[in-house]
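Engineer: Just one file: data-v7.pdb, with PDB, C-alpha atoms, pLDDT in the B column.
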ATOM      1  CA  MET R 935     118.417   0.682 168.649  1.00 42.00           C
ATOM      2  CA  LYS R 936     120.483   3.666 169.736  1.00 44.00           C
ATOM      3  CA  THR R 937     120.615   6.807 167.702  1.00 48.00           C
ATOM      4  CA  GLY R 938     123.425   9.293 167.641  1.00 48.00           C
ATOM      5  CA  THR R 939     126.112   6.639 167.995  1.00 48.00           C
ATOM      6  CA  PRO R 940     129.573   7.393 166.656  1.00 53.00           C
ATOM      7  CA  CYS R 941     128.898   4.960 163.807  1.00 55.00           C
ATOM      8  CA  GLY R 942     125.739   6.891 162.895  1.00 61.00           C
ATOM      9  CA  ALA R 943     127.654  10.170 163.095  1.00 66.00           C
ATOM     10  CA  GLU R 944     130.335   8.757 160.806  1.00 71.00           C
ATOM     11  CA  GLY R 945     127.697   7.719 158.285  1.00 72.00           C
ATOM     12  CA  SER R 946     126.108  11.144 158.454  1.00 81.00           C
ATOM     13  CA  ASP R 947     129.499  12.831 157.987  1.00 85.00           C
ATOM     14  CA  THR R 948     130.262  10.592 155.021  1.00 85.00           C
ATOM     15  CA  LEU R 949     126.932  11.449 153.398  1.00 90.00           C
ATOM     16  CA  LYS R 950     127.588  15.161 153.953  1.00 92.00           C
ATOM     17  CA  GLU R 951     131.044  14.856 152.403  1.00 92.00           C
ATOM     18  CA  LEU R 952     129.667  12.949 149.413  1.00 93.00           C
ATOM     19  CA  TRP R 953     126.917  15.567 149.015  1.00 94.00           C
ATOM     20  CA  THR R 954     129.566  18.319 149.147  1.00 93.00           C
ATOM     21  CA  LEU R 955     131.529  16.500 146.430  1.00 93.00           C
ATOM     22  CA  PHE R 956     128.413  16.200 144.280  1.00 95.00           C
ATOM     23  CA  ILE R 957     127.378  19.847 144.725  1.00 93.00           C
ATOM     24  CA  THR R 958     130.913  21.167 144.146  1.00 92.00           C
ATOM     25  CA  PHE R 959     131.316  19.211 140.922  1.00 92.00           C
ATOM     26  CA  ALA R 960     127.776  20.061 139.827  1.00 91.00           C
ATOM     27  CA  LYS R 961     128.737  23.756 140.172  1.00 88.00           C
ATOM     28  CA  VAL R 962     131.828  23.067 138.101  1.00 86.00           C
ATOM     29  CA  GLY R 963     129.756  21.181 135.528  1.00 84.00           C
ATOM     30  CA  VAL R 964     127.117  23.872 135.191  1.00 82.00           C
ATOM     31  CA  MET R 965     129.753  26.578 134.645  1.00 77.00           C
ATOM     32  CA  THR R 966     131.844  24.672 132.120  1.00 69.00           C
ATOM     33  CA  PHE R 967     131.350  25.916 128.596  1.00 63.00           C
ATOM     34  CA  GLY R 968     133.655  24.709 125.852  1.00 60.00           C
ATOM     35  CA  GLY R 969     134.805  21.324 127.086  1.00 62.00           C
ATOM     36  CA  GLY R 970     137.288  19.902 129.555  1.00 63.00           C
ATOM     37  CA  TYR R 971     139.955  22.558 129.143  1.00 69.00           C
ATOM     38  CA  ALA R 972     137.455  25.308 129.911  1.00 70.00           C
ATOM     39  CA  MET R 973     136.752  23.488 133.158  1.00 75.00           C
ATOM     40  CA  LEU R 974     140.322  24.000 134.364  1.00 78.00           C
ATOM     41  CA  PRO R 975     139.991  27.514 135.839  1.00 81.00           C
ATOM     42  CA  ILE R 976     136.710  26.644 137.533  1.00 82.00           C
ATOM     43  CA  LEU R 977     138.135  23.403 138.905  1.00 83.00           C
ATOM     44  CA  GLN R 978     141.213  25.227 140.120  1.00 85.00           C
ATOM     45  CA  ARG R 979     139.097  27.784 141.983  1.00 87.00           C
ATOM     46  CA  GLU R 980     136.642  25.280 143.457  1.00 89.00           C
ATOM     47  CA  VAL R 981     138.785  22.268 144.398  1.00 89.00           C
ATOM     48  CA  VAL R 982     142.157  23.939 144.989  1.00 90.00           C
ATOM     49  CA  GLU R 983     141.406  27.419 146.325  1.00 90.00           C
ATOM     50  CA  LYS R 984     137.992  27.012 147.992  1.00 92.00           C
ATOM     51  CA  MET R 985     137.897  23.388 149.151  1.00 92.00           C
ATOM     52  CA  GLY R 986     141.622  22.628 149.404  1.00 92.00           C
ATOM     53  CA  TRP R 987     141.054  19.066 148.242  1.00 93.00           C
ATOM     54  CA  VAL R 988     144.090  19.034 145.936  1.00 90.00           C
ATOM     55  CA  SER R 989     147.080  21.233 145.199  1.00 89.00           C
ATOM     56  CA  ASP R 990     147.767  22.982 141.901  1.00 85.00           C
ATOM     57  CA  GLU R 991     150.387  20.324 141.175  1.00 85.00           C
ATOM     58  CA  GLU R 992     147.950  17.477 141.807  1.00 88.00           C
ATOM     59  CA  LEU R 993     145.318  19.116 139.613  1.00 86.00           C
ATOM     60  CA  THR R 994     147.871  19.453 136.818  1.00 84.00           C
ATOM     61  CA  ASP R 995     148.791  15.782 137.267  1.00 85.00           C
ATOM     62  CA  TYR R 996     145.132  14.740 137.134  1.00 85.00           C
ATOM     63  CA  PHE R 997     144.642  16.710 133.931  1.00 81.00           C
ATOM     64  CA  ALA R 998     147.731  15.085 132.414  1.00 79.00           C
ATOM     65  CA  VAL R 999     146.592  11.583 133.329  1.00 82.00           C
ATOM     66  CA  GLY R1000     143.043  12.453 132.237  1.00 78.00           C
ATOM     67  CA  GLN R1001     144.468  13.411 128.849  1.00 74.00           C
ATOM     68  CA  CYS R1002     146.003   9.944 128.492  1.00 73.00           C
ATOM     69  CA  THR R1003     143.051   7.883 129.661  1.00 76.00           C
ATOM     70  CA  PRO R1004     139.875   7.137 127.724  1.00 75.00           C
ATOM     71  CA  GLY R1005     137.022   9.544 128.287  1.00 73.00           C
ATOM     72  CA  ILE R1006     136.514  13.241 128.731  1.00 78.00           C
ATOM     73  CA  ILE R1007     139.223  15.115 130.640  1.00 78.00           C
ATOM     74  CA  ALA R1008     136.692  16.938 132.833  1.00 79.00           C
ATOM     75  CA  VAL R1009     135.003  13.701 133.867  1.00 85.00           C
ATOM     76  CA  ASN R1010     138.295  11.890 134.439  1.00 87.00           C
ATOM     77  CA  THR R1011     139.606  14.726 136.601  1.00 87.00           C
ATOM     78  CA  ALA R1012     136.407  14.803 138.664  1.00 89.00           C
ATOM     79  CA  THR R1013     136.734  11.059 139.172  1.00 91.00           C
ATOM     80  CA  PHE R1014     140.362  11.395 140.341  1.00 91.00           C
ATOM     81  CA  VAL R1015     139.573  14.189 142.810  1.00 92.00           C
ATOM     82  CA  GLY R1016     136.475  12.429 144.152  1.00 93.00           C
ATOM     83  CA  GLN R1017     138.367   9.162 144.566  1.00 93.00           C
ATOM     84  CA  LYS R1018     141.137  10.956 146.451  1.00 92.00           C
ATOM     85  CA  GLN R1019     138.587  12.458 148.836  1.00 91.00           C
ATOM     86  CA  LYS R1020     136.216   9.568 149.506  1.00 92.00           C
ATOM     87  CA  GLY R1021     137.442   6.496 147.655  1.00 93.00           C
ATOM     88  CA  VAL R1022     135.391   4.751 144.995  1.00 94.00           C
ATOM     89  CA  ALA R1023     132.122   6.270 146.239  1.00 94.00           C
ATOM     90  CA  GLY R1024     133.673   9.742 146.050  1.00 93.00           C
ATOM     91  CA  GLY R1025     134.867   9.099 142.502  1.00 93.00           C
ATOM     92  CA  ILE R1026     131.413   8.005 141.416  1.00 95.00           C
ATOM     93  CA  VAL R1027     129.653  10.904 143.154  1.00 95.00           C
ATOM     94  CA  ALA R1028     132.059  13.533 141.767  1.00 94.00           C
ATOM     95  CA  THR R1029     131.671  12.081 138.280  1.00 92.00           C
ATOM     96  CA  LEU R1030     127.884  12.126 138.540  1.00 94.00           C
ATOM     97  CA  GLY R1031     128.045  15.678 139.857  1.00 93.00           C
ATOM     98  CA  VAL R1032     130.097  17.001 136.966  1.00 90.00           C
ATOM     99  CA  VAL R1033     127.948  15.392 134.268  1.00 89.00           C
ATOM    100  CA  PHE R1034     124.534  15.980 135.846  1.00 91.00           C
ATOM    101  CA  PRO R1035     124.128  19.662 134.844  1.00 87.00           C
ATOM    102  CA  SER R1036     125.195  18.964 131.263  1.00 83.00           C
ATOM    103  CA  LEU R1037     122.791  16.055 131.012  1.00 86.00           C
ATOM    104  CA  ILE R1038     119.873  18.216 132.170  1.00 88.00           C
ATOM    105  CA  ILE R1039     120.806  21.297 130.118  1.00 83.00           C
ATOM    106  CA  ILE R1040     121.528  19.357 126.917  1.00 81.00           C
ATOM    107  CA  THR R1041     118.303  17.407 127.272  1.00 84.00           C
ATOM    108  CA  LEU R1042     116.357  20.667 127.586  1.00 82.00           C
ATOM    109  CA  LEU R1043     118.230  22.400 124.766  1.00 78.00           C
ATOM    110  CA  ALA R1044     118.263  19.495 122.326  1.00 76.00           C
ATOM    111  CA  GLY R1045     114.667  20.053 121.350  1.00 74.00           C
ATOM    112  CA  VAL R1046     114.944  23.798 120.778  1.00 76.00           C
ATOM    113  CA  ILE R1047     118.526  24.546 119.658  1.00 75.00           C
ATOM    114  CA  GLY R1048     117.838  23.541 116.071  1.00 74.00           C
ATOM    115  CA  ARG R1049     115.011  26.058 115.885  1.00 79.00           C
ATOM    116  CA  PHE R1050     117.180  28.992 116.977  1.00 77.00           C
ATOM    117  CA  SER R1051     120.740  28.165 115.849  1.00 75.00           C
ATOM    118  CA  HIS R1052     120.274  29.975 112.512  1.00 79.00           C
ATOM    119  CA  LEU R1053     119.458  33.290 114.234  1.00 80.00           C
ATOM    120  CA  ALA R1054     122.263  35.852 114.036  1.00 85.00           C
ATOM    121  CA  TRP R1055     122.089  36.802 117.710  1.00 84.00           C
ATOM    122  CA  VAL R1056     122.469  33.141 118.755  1.00 80.00           C
ATOM    123  CA  GLN R1057     125.518  32.725 116.504  1.00 83.00           C
ATOM    124  CA  HIS R1058     127.038  35.941 117.902  1.00 88.00           C
ATOM    125  CA  ALA R1059     126.371  34.783 121.456  1.00 86.00           C
ATOM    126  CA  PHE R1060     128.211  31.514 120.777  1.00 81.00           C
ATOM    127  CA  ALA R1061     131.122  33.444 119.228  1.00 86.00           C
ATOM    128  CA  GLY R1062     131.358  35.542 122.396  1.00 89.00           C
ATOM    129  CA  ILE R1063     131.224  32.472 124.606  1.00 82.00           C
ATOM    130  CA  ARG R1064     134.051  30.847 122.598  1.00 83.00           C
ATOM    131  CA  ALA R1065     136.237  33.939 123.072  1.00 87.00           C
ATOM    132  CA  CYS R1066     135.515  33.936 126.804  1.00 84.00           C
ATOM    133  CA  VAL R1067     136.393  30.239 127.064  1.00 80.00           C
ATOM    134  CA  CYS R1068     139.778  30.919 125.444  1.00 84.00           C
ATOM    135  CA  VAL R1069     140.531  33.591 128.049  1.00 85.00           C
ATOM    136  CA  LEU R1070     139.499  31.298 130.909  1.00 78.00           C
ATOM    137  CA  ILE R1071     141.738  28.519 129.599  1.00 79.00           C
ATOM    138  CA  LEU R1072     144.690  30.901 129.198  1.00 85.00           C
ATOM    139  CA  ASN R1073     144.190  32.163 132.748  1.00 81.00           C
ATOM    140  CA  ALA R1074     144.213  28.609 134.098  1.00 77.00           C
ATOM    141  CA  VAL R1075     147.311  27.733 132.068  1.00 81.00           C
ATOM    142  CA  ILE R1076     149.164  30.722 133.521  1.00 84.00           C
ATOM    143  CA  LYS R1077     148.152  29.835 137.097  1.00 78.00           C
ATOM    144  CA  LEU R1078     149.053  26.172 136.755  1.00 77.00           C
ATOM    145  CA  GLY R1079     152.211  26.985 134.803  1.00 81.00           C
ATOM    146  CA  LYS R1080     153.543  28.950 137.771  1.00 80.00           C
ATOM    147  CA  SER R1081     153.303  25.876 139.954  1.00 76.00           C
ATOM    148  CA  ALA R1082     154.405  23.358 137.303  1.00 79.00           C
ATOM    149  CA  ILE R1083     157.409  25.146 135.803  1.00 84.00           C
ATOM    150  CA  LYS R1084     159.830  25.614 138.660  1.00 82.00           C
ATOM    151  CA  ASP R1085     163.239  25.790 136.994  1.00 86.00           C
ATOM    152  CA  ARG R1086     164.975  26.163 133.633  1.00 88.00           C
ATOM    153  CA  TRP R1087     164.621  22.442 132.878  1.00 86.00           C
ATOM    154  CA  GLY R1088     160.896  22.646 133.453  1.00 86.00           C
ATOM    155  CA  MET R1089     160.742  25.662 131.145  1.00 90.00           C
ATOM    156  CA  ALA R1090     162.805  23.856 128.505  1.00 90.00           C
ATOM    157  CA  LEU R1091     160.523  20.825 128.678  1.00 90.00           C
ATOM    158  CA  PHE R1092     157.476  23.106 128.469  1.00 90.00           C
ATOM    159  CA  LEU R1093     158.828  24.815 125.346  1.00 92.00           C
ATOM    160  CA  VAL R1094     159.723  21.521 123.640  1.00 93.00           C
ATOM    161  CA  ILE R1095     156.270  20.049 124.334  1.00 92.00           C
ATOM    162  CA  LEU R1096     154.621  23.302 123.220  1.00 91.00           C
ATOM    163  CA  ALA R1097     156.562  23.239 119.933  1.00 94.00           C
ATOM    164  CA  LEU R1098     155.744  19.578 119.355  1.00 94.00           C
ATOM    165  CA  SER R1099     152.053  20.145 120.042  1.00 92.00           C
ATOM    166  CA  LEU R1100     151.905  23.163 117.721  1.00 93.00           C
ATOM    167  CA  TRP R1101     153.957  21.859 114.786  1.00 95.00           C
ATOM    168  CA  THR R1102     153.392  18.120 114.794  1.00 93.00           C
ATOM    169  CA  LYS R1103     150.376  15.867 114.818  1.00 91.00           C
ATOM    170  CA  LEU R1104     151.582  13.815 117.763  1.00 91.00           C
ATOM    171  CA  SER R1105     148.869  12.448 120.000  1.00 88.00           C
ATOM    172  CA  PRO R1106     148.508  14.120 123.414  1.00 85.00           C
ATOM    173  CA  VAL R1107     149.114  10.673 124.892  1.00 85.00           C
ATOM    174  CA  VAL R1108     152.552  10.555 123.226  1.00 90.00           C
ATOM    175  CA  LEU R1109     153.345  14.078 124.450  1.00 90.00           C
ATOM    176  CA  VAL R1110     152.345  13.311 128.046  1.00 87.00           C
ATOM    177  CA  LEU R1111     154.227   9.992 128.078  1.00 89.00           C
ATOM    178  CA  GLY R1112     157.274  11.644 126.489  1.00 91.00           C
ATOM    179  CA  ALA R1113     157.181  14.414 129.092  1.00 89.00           C
ATOM    180  CA  ALA R1114     156.946  11.791 131.852  1.00 87.00           C
ATOM    181  CA  VAL R1115     160.010   9.981 130.523  1.00 92.00           C
ATOM    182  CA  ALA R1116     161.864  13.306 130.170  1.00 90.00           C
ATOM    183  CA  GLY R1117     160.955  14.191 133.769  1.00 87.00           C
ATOM    184  CA  ILE R1118     162.312  10.866 135.022  1.00 89.00           C
ATOM    185  CA  LEU R1119     165.536  11.310 133.029  1.00 90.00           C
ATOM    186  CA  LEU R1120     165.998  14.889 134.226  1.00 85.00           C
ATOM    187  CA  GLN R1121     165.511  13.817 137.847  1.00 84.00           C
ATOM    188  CA  ALA R1122     168.015  10.978 137.384  1.00 85.00           C
ATOM    189  CA  LEU R1123     170.573  13.445 135.955  1.00 83.00           C
ATOM    190  CA  ARG R1124     169.999  15.803 138.896  1.00 79.00           C
ATOM    191  CA  GLY R1125     170.540  12.886 141.281  1.00 77.00           C
ATOM    192  CA  ARG R1126     173.881  12.052 139.682  1.00 78.00           C
ATOM    193  CA  LYS R1127     175.082  15.640 139.912  1.00 73.00           C
ATOM    194  CA  SER R1128     174.317  15.931 143.627  1.00 66.00           C
TER     195      SER R1128
END
Could you quickly redo this structure as structure tokens?

Structural biologist:
Amino acid sequence: MKTGTPCGAEGSDTLKELWTLFITFAKVGVMTFGGGYAMLPILQREVVEKMGWVSDEELTDYFAVGQCTPGIIAVNTATFVGQKQKGVAGGIVATLGVVFPSLIIITLLAGVIGRFSHLAWVQHAFAGIRACVCVLILNAVIKLGKSAIKDRWGMALFLVILALSLWTKLSPVVLVLGAAVAGILLQALRGRKS
């Protein structure tokens, strides 16, 4: 049996790429405090800026679709990015990577958190973390907004969806689907005008 054949090199490269997916999403998972939305700035930095696996627009699309599909947005987005990179295996590996740190940390904390949660300094620490998460989410929204809102129609759609999300109890699924329909209609109107 020959070693070092192109087929063996391809297998080795694939394993390295899958390992890179796992490690990248594990880093994202370990740094995500506050849920899927808090993951957005970290995801943007890791998979858009550092790795170049997706664009800001694609990441925004994945978050939108992740909002409409069952499951946690962070996990869904990891699955989409991993699948884009390395197919089904990449989707599985990225998903495992993003949940692995949480699984370990929560398992370790589950036994002791109840003993310390009543302490004032623990409650203050969590209050500080929540404030930080809000800032991280806002930062990600601003970055992604610059790439998503490209004209006055995009801004108008953004403002309408923002108002609906703030002052109604519409499901995020309805908002995303409504925005998709509005985007199709706006593009059709643009096509007629040109």

Engineer: For this file, the PyMOL selection byres ((chain R and resi 946-960) around 6) selects which residues, as a list in words?

Structural biologist: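 When the PyMOL selection byres ((chain R and resi 946-960) around 6) is applied, the selected residues are Ala943, Glu944, Gly945, Lys961, Val962, Gly963, Val1027, Ala1028, Gly1031 and Val1032 of chain R.
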
Engineer: With only C-alpha atoms as the atoms that count, which of R:Arg1049, R:Lys1018, R:Arg1124, R:Lys1103 lies nearest to Val981 in chain R?

Structural biologist: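 Of all the options, R:Lys1018 lies closest to Val981 in chain R.
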
Engineer: With 7 Å as the cut-off and all atoms listed in the file counted, what is the closest atom pair between each nearby residue of range 957-1060 of chain R and range 1070-1092 of chain R? Distances in Å to one decimal, ordered by chain and number, as a Markdown table.

Structural biologist:
| residue | atom | partner | partner_atom | distance |
| --- | --- | --- | --- | --- |
| R:Tyr971 | CA | R:Ile1071 | CA | 6.2 |
| R:Ala972 | CA | R:Ile1071 | CA | 5.4 |
| R:Leu974 | CA | R:Ala1074 | CA | 6.0 |
| R:Pro975 | CA | R:Ala1074 | CA | 4.7 |
| R:Asp990 | CA | R:Leu1078 | CA | 6.2 |
| R:Glu991 | CA | R:Ala1082 | CA | 6.4 |
| R:Thr994 | CA | R:Leu1078 | CA | 6.8 |

Engineer: Step by step, work through what the PyMOL selection byres ((chain R and resi 1000-1012) around 6) selects in the shown file, and finish by giving those residues as a list in words.

Structural biologist: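 This file, filtered by the PyMOL selection byres ((chain R and resi 1000-1012) around 6), leaves Gly970, Tyr996, Phe997, Ala998, Val999, Thr1013, Phe1014, Val1015, Gly1016, Ala1028, Thr1029 and Val1107 of chain R.
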
Engineer: Between R:Leu1109, R:Val1069, R:Val964, R:Leu1043, which residue has the minimum interatomic distance to Ala1097 in chain R, considering all atoms listed in the file?

Structural biologist: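 Smallest separation from Ala1097 in chain R among the options: R:Leu1109.
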
Engineer: CA of Gln1121 in chain R and CA of Val1094 in chain R are how many Å apart?

Structural biologist: 17.2 Å

Engineer: Quick one: distance from CA of Gly1062 in chain R to CA of Ala1044 in chain R in Å, one decimal?

Structural biologist: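 Going from CA of Gly1062 in chain R over to CA of Ala1044 in chain R, I get 20.7 Å.
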